[in-house]
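File shown here: run.tsv, holding TSV, C-alpha atoms.
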```
chain	number	residue	atom	x	y	z
M	1	MET	CA	48.75	-94.26	81.34
M	2	GLN	CA	47.21	-97.27	83.11
M	3	LYS	CA	44.01	-97.71	81.16
M	4	THR	CA	42.01	-100.25	79.19
M	5	PRO	CA	42.71	-100.06	75.42
M	6	GLN	CA	39.32	-98.39	74.80
M	7	LEU	CA	39.98	-95.73	77.45
M	8	GLU	CA	43.54	-95.20	76.21
M	9	ARG	CA	42.33	-94.80	72.61
M	10	GLY	CA	39.67	-92.31	73.76
M	11	LYS	CA	42.22	-90.31	75.72
M	12	ILE	CA	44.50	-90.08	72.66
M	13	ILE	CA	41.54	-88.81	70.59
M	14	ASP	CA	40.64	-86.17	73.21
M	15	VAL	CA	44.19	-84.87	73.57
M	16	ALA	CA	44.78	-84.87	69.79
M	17	ALA	CA	41.51	-82.97	69.23
M	18	ASP	CA	42.57	-80.45	71.84
M	19	LEU	CA	46.04	-79.93	70.33
M	20	PHE	CA	44.78	-79.84	66.70
M	21	ALA	CA	42.17	-77.25	67.72
M	22	GLN	CA	44.67	-75.09	69.65
M	23	LYS	CA	47.76	-75.34	67.43
M	24	SER	CA	46.14	-76.40	64.12
M	25	TYR	CA	46.54	-79.83	62.51
M	26	ALA	CA	49.58	-78.74	60.48
M	27	GLY	CA	51.22	-77.28	63.61
M	28	THR	CA	50.83	-80.44	65.74
M	29	SER	CA	53.07	-83.51	65.46
M	30	VAL	CA	52.45	-87.06	66.71
M	31	ARG	CA	55.36	-86.35	69.05
M	32	ASP	CA	53.45	-83.37	70.53
M	33	ILE	CA	50.50	-85.68	71.20
M	34	SER	CA	52.67	-88.35	72.81
M	35	HIS	CA	54.38	-85.71	75.00
M	36	ALA	CA	51.06	-84.28	76.14
M	37	LEU	CA	49.87	-87.78	77.09
M	38	ASN	CA	53.22	-88.83	78.53
M	39	VAL	CA	53.25	-92.02	76.43
M	40	SER	CA	55.59	-93.28	73.72
M	41	ILE	CA	55.01	-92.49	70.06
M	42	ALA	CA	54.62	-96.25	69.56
M	43	THR	CA	51.53	-96.16	71.79
M	44	ILE	CA	49.89	-93.67	69.42
M	45	TYR	CA	50.81	-95.80	66.39
M	46	TYR	CA	49.36	-98.87	68.11
M	47	TYR	CA	45.91	-97.29	67.85
M	48	PHE	CA	46.22	-95.07	64.76
M	49	LYS	CA	47.96	-95.57	61.42
M	50	ASN	CA	49.19	-91.98	61.32
M	51	LYS	CA	48.28	-88.39	62.20
M	52	GLU	CA	45.76	-88.21	59.36
M	53	ASP	CA	44.00	-91.34	60.65
M	54	LEU	CA	43.62	-89.56	63.99
M	55	LEU	CA	42.21	-86.41	62.38
M	56	PHE	CA	39.78	-88.47	60.30
M	57	THR	CA	38.61	-90.42	63.37
M	58	ILE	CA	37.89	-87.18	65.23
M	59	ILE	CA	36.10	-85.48	62.33
M	60	GLU	CA	34.04	-88.53	61.32
M	61	SER	CA	32.93	-89.13	64.89
M	62	CYS	CA	31.88	-85.47	65.21
M	63	GLY	CA	29.85	-85.72	61.99
M	64	ASN	CA	28.14	-88.88	63.26
M	65	ASP	CA	27.32	-87.23	66.60
M	66	LEU	CA	25.85	-84.24	64.79
M	67	LEU	CA	23.74	-86.38	62.43
M	68	LEU	CA	22.52	-88.49	65.36
M	69	GLY	CA	21.66	-85.34	67.33
M	70	LEU	CA	19.69	-83.86	64.42
M	71	ASN	CA	17.75	-87.10	63.91
M	72	GLN	CA	17.00	-87.40	67.64
M	73	ALA	CA	15.82	-83.77	67.66
M	74	CYS	CA	13.27	-84.63	64.99
M	75	GLU	CA	11.78	-87.25	67.29
M	76	GLU	CA	11.16	-84.79	70.11
M	77	SER	CA	7.95	-83.38	68.62
M	78	PRO	CA	5.38	-84.27	65.95
M	79	ASP	CA	5.38	-80.61	64.82
M	80	ALA	CA	7.78	-79.80	61.96
M	81	LEU	CA	8.60	-76.31	63.20
M	82	GLN	CA	9.25	-77.59	66.71
M	83	GLN	CA	11.49	-80.21	65.10
M	84	LEU	CA	13.52	-77.49	63.36
M	85	ASN	CA	13.66	-75.62	66.67
M	86	CYS	CA	15.01	-78.76	68.41
M	87	MET	CA	17.50	-79.39	65.57
M	88	LEU	CA	18.92	-75.89	65.96
M	89	ILE	CA	19.11	-76.09	69.76
M	90	ARG	CA	20.84	-79.49	69.54
M	91	HIS	CA	23.26	-78.33	66.83
M	92	ILE	CA	24.22	-75.15	68.69
M	93	SER	CA	24.60	-77.02	72.00
M	94	LEU	CA	26.98	-79.43	70.26
M	95	THR	CA	29.19	-76.49	69.23
M	96	GLN	CA	29.93	-76.19	72.94
M	97	GLU	CA	29.95	-79.87	74.01
M	98	LYS	CA	32.21	-80.88	71.09
M	99	LYS	CA	33.91	-77.54	70.59
M	100	ASN	CA	37.32	-78.86	69.49
M	101	GLU	CA	35.86	-81.58	67.30
M	102	LEU	CA	33.43	-79.22	65.57
M	103	LYS	CA	36.23	-76.74	64.87
M	104	LEU	CA	38.17	-79.54	63.13
M	105	PHE	CA	34.99	-80.74	61.34
M	106	VAL	CA	34.51	-77.22	59.95
M	107	GLU	CA	38.08	-76.01	59.41
M	108	GLU	CA	40.54	-78.87	59.01
M	109	HIS	CA	38.97	-81.43	56.64
M	110	ASP	CA	41.08	-80.02	53.80
M	111	HIS	CA	44.07	-81.86	55.29
M	112	LEU	CA	42.46	-85.24	54.62
M	113	SER	CA	43.32	-87.24	51.53
M	114	LYS	CA	40.69	-87.91	48.87
M	115	GLY	CA	39.12	-91.09	50.26
M	116	PHE	CA	38.72	-89.70	53.78
M	117	LYS	CA	37.58	-86.33	52.43
M	118	ASN	CA	34.83	-87.96	50.38
M	119	ILE	CA	33.45	-89.68	53.49
M	120	ILE	CA	33.37	-86.35	55.36
M	121	PHE	CA	31.81	-84.53	52.38
M	122	LYS	CA	29.05	-87.17	52.38
M	123	GLN	CA	28.41	-86.33	56.05
M	124	HIS	CA	28.32	-82.60	55.22
M	125	ARG	CA	25.82	-83.38	52.47
M	126	LYS	CA	23.65	-85.48	54.81
M	127	ILE	CA	23.56	-82.65	57.37
M	128	TYR	CA	22.68	-80.15	54.64
M	129	ASP	CA	19.96	-82.49	53.29
M	130	THR	CA	18.50	-82.98	56.78
M	131	TYR	CA	17.98	-79.22	57.11
M	132	VAL	CA	16.81	-78.73	53.52
M	133	GLU	CA	14.20	-81.51	53.85
M	134	LYS	CA	12.85	-80.00	57.07
M	135	LEU	CA	12.74	-76.53	55.49
M	136	LYS	CA	10.94	-77.89	52.40
M	137	GLU	CA	8.43	-79.64	54.68
M	138	LEU	CA	7.78	-76.29	56.40
M	139	GLN	CA	7.42	-74.62	53.03
M	140	LYS	CA	4.76	-77.17	52.01
M	141	LEU	CA	2.97	-76.54	55.30
M	142	ASN	CA	2.98	-72.83	54.40
M	143	VAL	CA	5.03	-71.92	57.45
M	144	ILE	CA	7.90	-70.34	55.51
M	145	GLU	CA	7.58	-68.66	52.12
M	146	GLU	CA	11.15	-67.92	51.16
M	147	GLU	CA	11.75	-69.77	47.91
M	148	SER	CA	15.53	-70.05	48.27
M	149	ILE	CA	15.73	-72.90	50.77
M	150	PRO	CA	19.49	-73.43	50.19
M	151	ILE	CA	20.16	-69.81	51.19
M	152	VAL	CA	18.18	-70.35	54.40
M	153	ALA	CA	20.19	-73.52	55.07
M	154	PHE	CA	23.50	-71.70	54.52
M	155	ALA	CA	22.33	-68.82	56.72
M	156	ILE	CA	21.67	-71.38	59.47
M	157	PHE	CA	25.04	-73.11	59.01
M	158	GLY	CA	26.90	-69.80	59.16
M	159	MET	CA	25.17	-68.69	62.32
M	160	VAL	CA	25.53	-72.07	64.04
M	161	ASN	CA	29.10	-72.83	62.98
M	162	TRP	CA	30.31	-69.45	64.18
M	163	CYS	CA	29.34	-70.21	67.79
M	164	TYR	CA	32.47	-72.11	68.80
M	165	ARG	CA	34.47	-69.02	67.85
M	166	TRP	CA	32.81	-66.67	70.30
M	167	TYR	CA	30.81	-68.56	72.93
M	168	ARG	CA	32.63	-69.04	76.22
M	169	GLU	CA	31.25	-70.99	79.18
M	170	GLU	CA	31.87	-68.02	81.45
M	171	ASN	CA	29.35	-65.97	79.40
M	172	LYS	CA	26.28	-64.81	81.29
M	173	LEU	CA	23.99	-66.92	79.11
M	174	SER	CA	24.09	-70.72	78.98
M	175	ILE	CA	24.65	-72.29	75.56
M	176	GLU	CA	20.99	-73.40	75.58
M	177	GLU	CA	19.85	-69.81	76.11
M	178	VAL	CA	22.14	-68.61	73.32
M	179	ALA	CA	20.79	-71.41	71.10
M	180	GLN	CA	17.18	-70.29	71.68
M	181	LYS	CA	18.05	-66.67	70.97
M	182	LEU	CA	19.81	-67.58	67.71
M	183	THR	CA	16.88	-69.80	66.73
M	184	ASN	CA	14.50	-66.91	67.39
M	185	ILE	CA	16.59	-64.67	65.11
M	186	ILE	CA	16.33	-67.30	62.34
M	187	PHE	CA	12.57	-67.74	62.89
M	188	TYR	CA	11.45	-64.18	63.65
M	189	GLY	CA	14.28	-61.83	62.65
M	190	ILE	CA	15.46	-58.91	64.76
M	191	LEU	CA	12.84	-56.27	63.84
M	192	ASN	CA	9.87	-55.80	66.13
M	193	THR	CA	6.31	-55.92	64.82
M	194	GLU	CA	5.99	-52.19	64.23
M	195	ALA	CA	9.30	-51.81	62.40
M	196	ARG	CA	8.46	-54.91	60.41
M	197	SER	CA	5.29	-53.45	58.96
M	198	GLN	CA	6.76	-49.97	58.48
M	199	THR	CA	9.75	-51.17	56.48
M	200	ALA	CA	7.91	-53.58	54.21
M	201	SER	CA	7.83	-50.75	51.67
M	202	PHE	CA	11.53	-50.11	51.27
M	203	LEU	CA	12.81	-53.64	51.72
M	204	SER	CA	11.32	-56.87	50.44
M	205	PRO	CA	10.82	-59.07	53.50
M	206	ALA	CA	11.42	-62.76	52.94
M	207	GLY	CA	7.95	-63.71	54.12
M	208	GLU	CA	5.89	-60.93	52.60
M	209	LYS	CA	6.46	-61.00	48.89
A	1	MET	CA	57.43	-59.59	35.02
A	2	GLN	CA	57.89	-56.18	33.38
A	3	LYS	CA	55.96	-53.97	35.72
A	4	THR	CA	56.28	-50.86	37.86
A	5	PRO	CA	57.20	-51.65	41.49
A	6	GLN	CA	53.65	-50.88	42.62
A	7	LEU	CA	52.12	-53.22	40.07
A	8	GLU	CA	54.68	-55.92	40.82
A	9	ARG	CA	54.00	-55.66	44.56
A	10	GLY	CA	50.25	-55.86	43.92
A	11	LYS	CA	50.67	-58.91	41.72
A	12	ILE	CA	52.70	-60.69	44.43
A	13	ILE	CA	49.92	-59.93	46.95
A	14	ASP	CA	47.22	-61.27	44.62
A	15	VAL	CA	49.06	-64.49	43.83
A	16	ALA	CA	50.04	-65.06	47.46
A	17	ALA	CA	46.42	-64.51	48.59
A	18	ASP	CA	45.28	-67.00	45.97
A	19	LEU	CA	47.83	-69.66	47.01
A	20	PHE	CA	47.31	-69.13	50.77
A	21	ALA	CA	43.55	-69.44	50.26
A	22	GLN	CA	43.82	-72.59	48.11
A	23	LYS	CA	46.66	-74.45	49.84
A	24	SER	CA	46.57	-72.78	53.30
A	25	TYR	CA	49.25	-70.45	54.67
A	26	ALA	CA	51.19	-73.30	56.28
A	27	GLY	CA	51.09	-75.30	53.04
A	28	THR	CA	52.47	-72.50	50.85
A	29	SER	CA	56.16	-71.52	50.66
A	30	VAL	CA	57.73	-68.31	49.33
A	31	ARG	CA	59.20	-70.56	46.64
A	32	ASP	CA	55.66	-71.61	45.58
A	33	ILE	CA	54.74	-67.93	45.23
A	34	SER	CA	57.87	-67.13	43.20
A	35	HIS	CA	57.21	-70.14	40.92
A	36	ALA	CA	53.59	-69.12	40.34
A	37	LEU	CA	54.76	-65.61	39.38
A	38	ASN	CA	57.79	-66.81	37.45
A	39	VAL	CA	60.09	-64.46	39.38
A	40	SER	CA	63.06	-65.08	41.67
A	41	ILE	CA	62.64	-65.52	45.40
A	42	ALA	CA	64.78	-62.37	45.78
A	43	THR	CA	62.03	-60.39	44.03
A	44	ILE	CA	59.54	-61.43	46.70
A	45	TYR	CA	62.00	-60.50	49.46
A	46	TYR	CA	62.59	-57.13	47.81
A	47	TYR	CA	58.99	-56.21	48.65
A	48	PHE	CA	58.27	-58.30	51.76
A	49	LYS	CA	60.39	-59.16	54.78
A	50	ASN	CA	59.08	-62.73	54.88
A	51	LYS	CA	56.00	-64.91	54.31
A	52	GLU	CA	54.35	-63.61	57.49
A	53	ASP	CA	54.80	-60.01	56.31
A	54	LEU	CA	52.92	-60.99	53.14
A	55	LEU	CA	50.08	-62.63	55.09
A	56	PHE	CA	49.80	-59.62	57.40
A	57	THR	CA	49.72	-57.21	54.43
A	58	ILE	CA	46.86	-59.18	52.84
A	59	ILE	CA	44.83	-59.53	56.04
A	60	GLU	CA	45.31	-55.91	57.19
A	61	SER	CA	44.34	-54.57	53.79
A	62	CYS	CA	41.19	-56.73	53.80
A	63	GLY	CA	40.23	-55.45	57.25
A	64	ASN	CA	40.74	-51.84	56.09
A	65	ASP	CA	38.60	-52.42	52.98
A	66	LEU	CA	35.85	-53.92	55.12
A	67	LEU	CA	35.91	-51.06	57.64
A	68	LEU	CA	35.91	-48.50	54.82
A	69	GLY	CA	32.99	-50.34	53.15
A	70	LEU	CA	30.96	-50.37	56.37
A	71	ASN	CA	31.58	-46.67	56.99
A	72	GLN	CA	30.66	-45.77	53.40
A	73	ALA	CA	27.48	-47.86	53.72
A	74	CYS	CA	26.43	-45.72	56.68
A	75	GLU	CA	26.62	-42.63	54.49
A	76	GLU	CA	24.20	-44.01	51.90
A	77	SER	CA	21.08	-43.17	53.89
A	78	PRO	CA	20.04	-41.00	56.85
A	79	ASP	CA	17.89	-43.91	58.15
A	80	ALA	CA	19.64	-46.20	60.70
A	81	LEU	CA	17.88	-49.37	59.50
A	82	GLN	CA	18.69	-48.59	55.88
A	83	GLN	CA	22.28	-48.04	57.03
A	84	LEU	CA	22.37	-51.51	58.60
A	85	ASN	CA	20.85	-52.89	55.40
A	86	CYS	CA	23.60	-51.20	53.34
A	87	MET	CA	26.30	-52.41	55.76
A	88	LEU	CA	25.15	-56.01	55.36
A	89	ILE	CA	24.87	-55.77	51.55
A	90	ARG	CA	28.36	-54.22	51.36
A	91	HIS	CA	29.86	-56.78	53.77
A	92	ILE	CA	28.36	-59.77	51.95
A	93	SER	CA	29.35	-58.39	48.53
A	94	LEU	CA	32.94	-58.08	49.80
A	95	THR	CA	32.93	-61.80	50.66
A	96	GLN	CA	32.78	-62.32	46.90
A	97	GLU	CA	34.96	-59.42	45.66
A	98	LYS	CA	37.73	-60.20	48.17
A	99	LYS	CA	37.00	-63.90	48.60
A	100	ASN	CA	40.61	-65.06	49.13
A	101	GLU	CA	41.50	-62.13	51.35
A	102	LEU	CA	38.40	-62.55	53.54
A	103	LYS	CA	39.08	-66.26	53.94
A	104	LEU	CA	42.57	-65.39	55.25
A	105	PHE	CA	41.15	-62.57	57.42
A	106	VAL	CA	38.76	-65.07	59.04
A	107	GLU	CA	40.81	-68.27	59.11
A	108	GLU	CA	44.55	-67.61	59.02
A	109	HIS	CA	45.27	-64.77	61.47
A	110	ASP	CA	46.42	-67.35	64.04
A	111	HIS	CA	49.66	-67.70	62.05
A	112	LEU	CA	50.63	-64.10	62.79
A	113	SER	CA	53.00	-63.24	65.61
A	114	LYS	CA	51.76	-61.22	68.57
A	115	GLY	CA	52.38	-57.68	67.28
A	116	PHE	CA	50.69	-58.33	63.94
A	117	LYS	CA	47.89	-60.30	65.58
A	118	ASN	CA	47.09	-57.40	67.92
A	119	ILE	CA	46.68	-55.04	64.96
A	120	ILE	CA	44.26	-57.49	63.28
A	121	PHE	CA	42.34	-58.07	66.52
A	122	LYS	CA	41.89	-54.30	66.79
A	123	GLN	CA	40.37	-54.35	63.30
A	124	HIS	CA	38.06	-57.24	64.31
A	125	ARG	CA	37.02	-55.19	67.34
A	126	LYS	CA	36.36	-52.08	65.22
A	127	ILE	CA	34.15	-54.10	62.86
A	128	TYR	CA	32.29	-55.62	65.81
A	129	ASP	CA	31.86	-52.18	67.41
A	130	THR	CA	30.57	-50.70	64.14
A	131	TYR	CA	27.76	-53.28	64.08
A	132	VAL	CA	27.06	-53.11	67.81
A	133	GLU	CA	26.77	-49.30	67.71
A	134	LYS	CA	24.33	-49.46	64.80
A	135	LEU	CA	22.28	-52.16	66.55
A	136	LYS	CA	22.19	-50.13	69.78
A	137	GLU	CA	21.06	-47.09	67.80
A	138	LEU	CA	18.21	-49.21	66.35
A	139	GLN	CA	17.35	-50.44	69.83
A	140	LYS	CA	17.07	-46.84	71.08
A	141	LEU	CA	14.83	-46.05	68.10
A	142	ASN	CA	12.63	-48.98	69.17
A	143	VAL	CA	13.20	-50.83	65.91
A	144	ILE	CA	14.67	-53.94	67.52
A	145	GLU	CA	13.86	-55.21	70.98
A	146	GLU	CA	16.27	-58.09	71.46
A	147	GLU	CA	18.34	-57.19	74.51
A	148	SER	CA	21.36	-59.33	73.60
A	149	ILE	CA	22.95	-57.10	70.98
A	150	PRO	CA	26.26	-59.07	71.00
A	151	ILE	CA	24.36	-62.25	70.08
A	152	VAL	CA	22.72	-60.45	67.16
A	153	ALA	CA	26.16	-59.20	66.06
A	154	PHE	CA	27.63	-62.72	66.23
A	155	ALA	CA	24.61	-64.11	64.36
A	156	ILE	CA	25.32	-61.57	61.60
A	157	PHE	CA	29.05	-62.36	61.50
A	158	GLY	CA	28.39	-66.08	61.25
A	159	MET	CA	25.91	-65.70	58.42
A	160	VAL	CA	28.07	-63.22	56.52
A	161	ASN	CA	31.43	-64.91	57.03
A	162	TRP	CA	30.07	-68.25	55.84
A	163	CYS	CA	29.29	-66.87	52.36
A	164	TYR	CA	32.73	-67.31	50.82
A	165	ARG	CA	32.47	-71.00	51.64
A	166	TRP	CA	29.38	-71.68	49.55
A	167	TYR	CA	28.65	-68.82	47.16
A	168	ARG	CA	29.88	-69.42	43.62
A	169	GLU	CA	29.65	-66.88	40.80
A	170	GLU	CA	27.92	-69.45	38.62
A	171	ASN	CA	25.00	-69.56	41.09
A	172	LYS	CA	21.64	-68.45	39.71
A	173	LEU	CA	21.54	-65.49	42.09
A	174	SER	CA	24.02	-62.61	42.02
A	175	ILE	CA	25.91	-61.91	45.24
A	176	GLU	CA	23.81	-58.75	45.68
A	177	GLU	CA	20.60	-60.82	45.49
A	178	VAL	CA	21.99	-63.32	48.00
A	179	ALA	CA	23.02	-60.40	50.23
A	180	GLN	CA	19.48	-58.98	50.21
A	181	LYS	CA	17.98	-62.38	50.99
A	182	LEU	CA	20.35	-62.94	53.92
A	183	THR	CA	19.65	-59.42	55.19
A	184	ASN	CA	15.91	-60.16	55.00
A	185	ILE	CA	16.42	-63.31	57.08
A	186	ILE	CA	18.25	-61.25	59.73
A	187	PHE	CA	15.58	-58.52	59.68
A	188	TYR	CA	12.38	-60.55	59.27
A	189	GLY	CA	13.23	-64.20	59.96
A	190	ILE	CA	12.00	-67.10	57.85
A	191	LEU	CA	8.47	-67.56	59.27
A	192	ASN	CA	5.58	-65.95	57.46
A	193	THR	CA	3.12	-63.69	59.23
A	194	GLU	CA	0.61	-66.43	60.05
A	195	ALA	CA	3.17	-68.89	61.43
A	196	ARG	CA	4.74	-66.05	63.36
A	197	SER	CA	1.59	-65.25	65.29
A	198	GLN	CA	0.60	-68.90	65.74
A	199	THR	CA	3.94	-69.94	67.24
A	200	ALA	CA	4.36	-67.03	69.62
A	201	SER	CA	2.90	-69.30	72.31
A	202	PHE	CA	5.39	-72.16	72.22
A	203	LEU	CA	8.52	-70.20	71.42
A	204	SER	CA	9.57	-66.83	72.73
A	205	PRO	CA	10.15	-64.66	69.68
A	206	ALA	CA	12.99	-62.16	69.98
A	207	GLY	CA	10.77	-59.20	69.23
A	208	GLU	CA	7.66	-60.16	71.15
A	209	LYS	CA	8.68	-60.68	74.73
```
Reformat the file's structure so that it appears as structure tokens.
Amino acid sequence: MQKTPQLERGKIIDVAADLFAQKSYAGTSVRDISHALNVSIATIYYYFKNKEDLLFTIIESCGNDLLLGLNQACEESPDALQQLNCMLIRHISLTQEKKNELKLFVEEHDHLSKGFKNIIFKQHRKIYDTYVEKLKELQKLNVIEEESIPIVAFAIFGMVNWCYRWYREENKLSIEEVAQKLTNIIFYGILNTEARSQTASFLSPAGEK
Amino acid sequence: MQKTPQLERGKIIDVAADLFAQKSYAGTSVRDISHALNVSIATIYYYFKNKEDLLFTIIESCGNDLLLGLNQACEESPDALQQLNCMLIRHISLTQEKKNELKLFVEEHDHLSKGFKNIIFKQHRKIYDTYVEKLKELQKLNVIEEESIPIVAFAIFGMVNWCYRWYREENKLSIEEVAQKLTNIIFYGILNTEARSQTASFLSPAGEK
């Protein structure tokens, strides 16, 4: 590998993220990473204290990218609902752009020791708070009526964080198109106008209590 | 452990599911399971060929329970939308009743060897098909208009399969109440009637194209 230190470090991170995502963190050794890069184990240890340090670097960077993306999305419009729309599109697009990293962010943080884990949990909390604040703002503006904002936030996280499991680039729809469709489901639900009014009697729609 | 073989086997499954869910499959040994049960390792091997056999037994049984639950839900009403409602309530309730098992069903099937994995993938496919068939039926009945049924199915799976990560029994809402709220989000979305009609111009609602 003939690269500047910054490029070499970045390449190690990319390859490690790929291997951790494919073979799981527990199933990947530093030796596997060095083999895949065709460098010595010492090269890896020059940049990272150990395997956990590598995992933490990947996960923390993914959390930072996500938080930055959500904040940038809020600047794209003065309208709070448009902001939530942009947040969702950005978040879902990231599940494709940073597929490996997001998988580790969601699934592998349990392997981190307490200090590292606390930093990641703070990121999780910040992401949760970013959504909850936007949803509360929309509630104040009388755009959504559902009183259980945390349940709405968890519904969003579930839907969004499932994407890297099923979306493939070779799908007919681009990730942006998928993102808009998922956002529409969150905003408008799947029932059409007629079914919506007809079923209000036997179910208790979130927005029509 | 003074139990009948059936009870003893069931107890091993429960404890293994608990340990696999808490410490991950890779992080749990057969010795850990025997210690937690206060039995010899030979007792575990009397019932199960190896650790993988145990994991497969837990995951397959969870998949069967889920498929049975979804089929039973369809028998609770002659109305297709009520059937989907019942399927979602049943599915979400199972994420609490079989919390450990569902976590393994979702997260740990990668540890299974090819033959076992194929059996589990067939279950995943059956569950997916059960939802897709119901959604297509609703589309034919002109209850939902969204043309991308697979995206709706994946939106549902994401929302539902996220529940075991955040729902705790000590929450103010019962799992059945949470299930109805999540189902309402899927059916009706989070926007109220006014916001829904006002925003139809800048977004393209799923049901109003």
request  = Please give the root-mean-square deviation of the Cα atoms once chain A has been least-squares fitted onto chain M, pairing every Cα in order.
outcome  = 0.0 Å
query = Quick one: which residues from chain A are at most 8 Å off chain M, using all atoms listed in the file, as a PyMOL selection string?
reply = chain A and resi 26+142-146+151-152+154-163+166+178+181-182+184-196+203-208
Test item: residues at most 10 Å from Ala21 in chain M, all atoms listed in the file, excluding those fewer than 6 positions along its chain, as number ranges by chain = M: 15, 27-28, 99-104, 107-108
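Going from CA of Gln123 in chain M over to CA of Glu147 in chain M, you cover 24.9 Å.
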Can you tell me, as an mmCIF file with C-alpha atoms, keeping the file's coordinate frame, what residues are no more than 10 Å from Cys74 in chain A when counting only C-alpha atoms, ignoring any on the same chain fewer than 3 positions away?
```cif
data_model
loop_
_atom_site.group_PDB
_atom_site.id
_atom_site.type_symbol
_atom_site.label_atom_id
_atom_site.label_comp_id
_atom_site.auth_asym_id
_atom_site.auth_seq_id
_atom_site.Cartn_x
_atom_site.Cartn_y
_atom_site.Cartn_z
ATOM 1 C CA GLY A 69 32.990 -50.340 53.150
ATOM 2 C CA LEU A 70 30.960 -50.370 56.370
ATOM 3 C CA ASN A 71 31.580 -46.670 56.990
ATOM 4 C CA SER A 77 21.080 -43.170 53.890
ATOM 5 C CA PRO A 78 20.040 -41.000 56.850
ATOM 6 C CA ASP A 79 17.890 -43.910 58.150
ATOM 7 C CA ALA A 80 19.640 -46.200 60.700
ATOM 8 C CA LEU A 81 17.880 -49.370 59.500
ATOM 9 C CA GLN A 82 18.690 -48.590 55.880
ATOM 10 C CA GLN A 83 22.280 -48.040 57.030
ATOM 11 C CA LEU A 84 22.370 -51.510 58.600
ATOM 12 C CA ASN A 85 20.850 -52.890 55.400
ATOM 13 C CA CYS A 86 23.600 -51.200 53.340
ATOM 14 C CA MET A 87 26.300 -52.410 55.760
ATOM 15 C CA THR A 130 30.570 -50.700 64.140
ATOM 16 C CA LYS A 134 24.330 -49.460 64.800
#
```
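In this structure, CA of Glu60 in chain M sits 7.8 Å away from CA of Phe105 in chain M.
Separating CA of His124 in chain M from CA of Ile59 in chain M is a distance of 10.9 Å.
Nearest to Leu112 in chain A of all the residues A:Glu52, A:Glu8, A:Glu170, A:Glu133 is A:Glu52, based on only C-alpha atoms.
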Once 8 Å is added on each side, what centre and edge lengths in Å to one decimal does the axis-aligned box around all listed atoms of range 84-90 of chain M have, as lines of an AutoDock Vina configuration file?
```
center_x = 17.2
center_y = -77.6
center_z = 66.6
size_x = 23.3
size_y = 19.9
size_z = 22.4
```
key: Test item: residues at most 12 Å from Tyr45 in chain M, all atoms listed in the file, excluding those fewer than 4 positions along its chain, as a PyMOL selection string   = chain M and resi 9+12+30-31+33-34+39-41+49-54
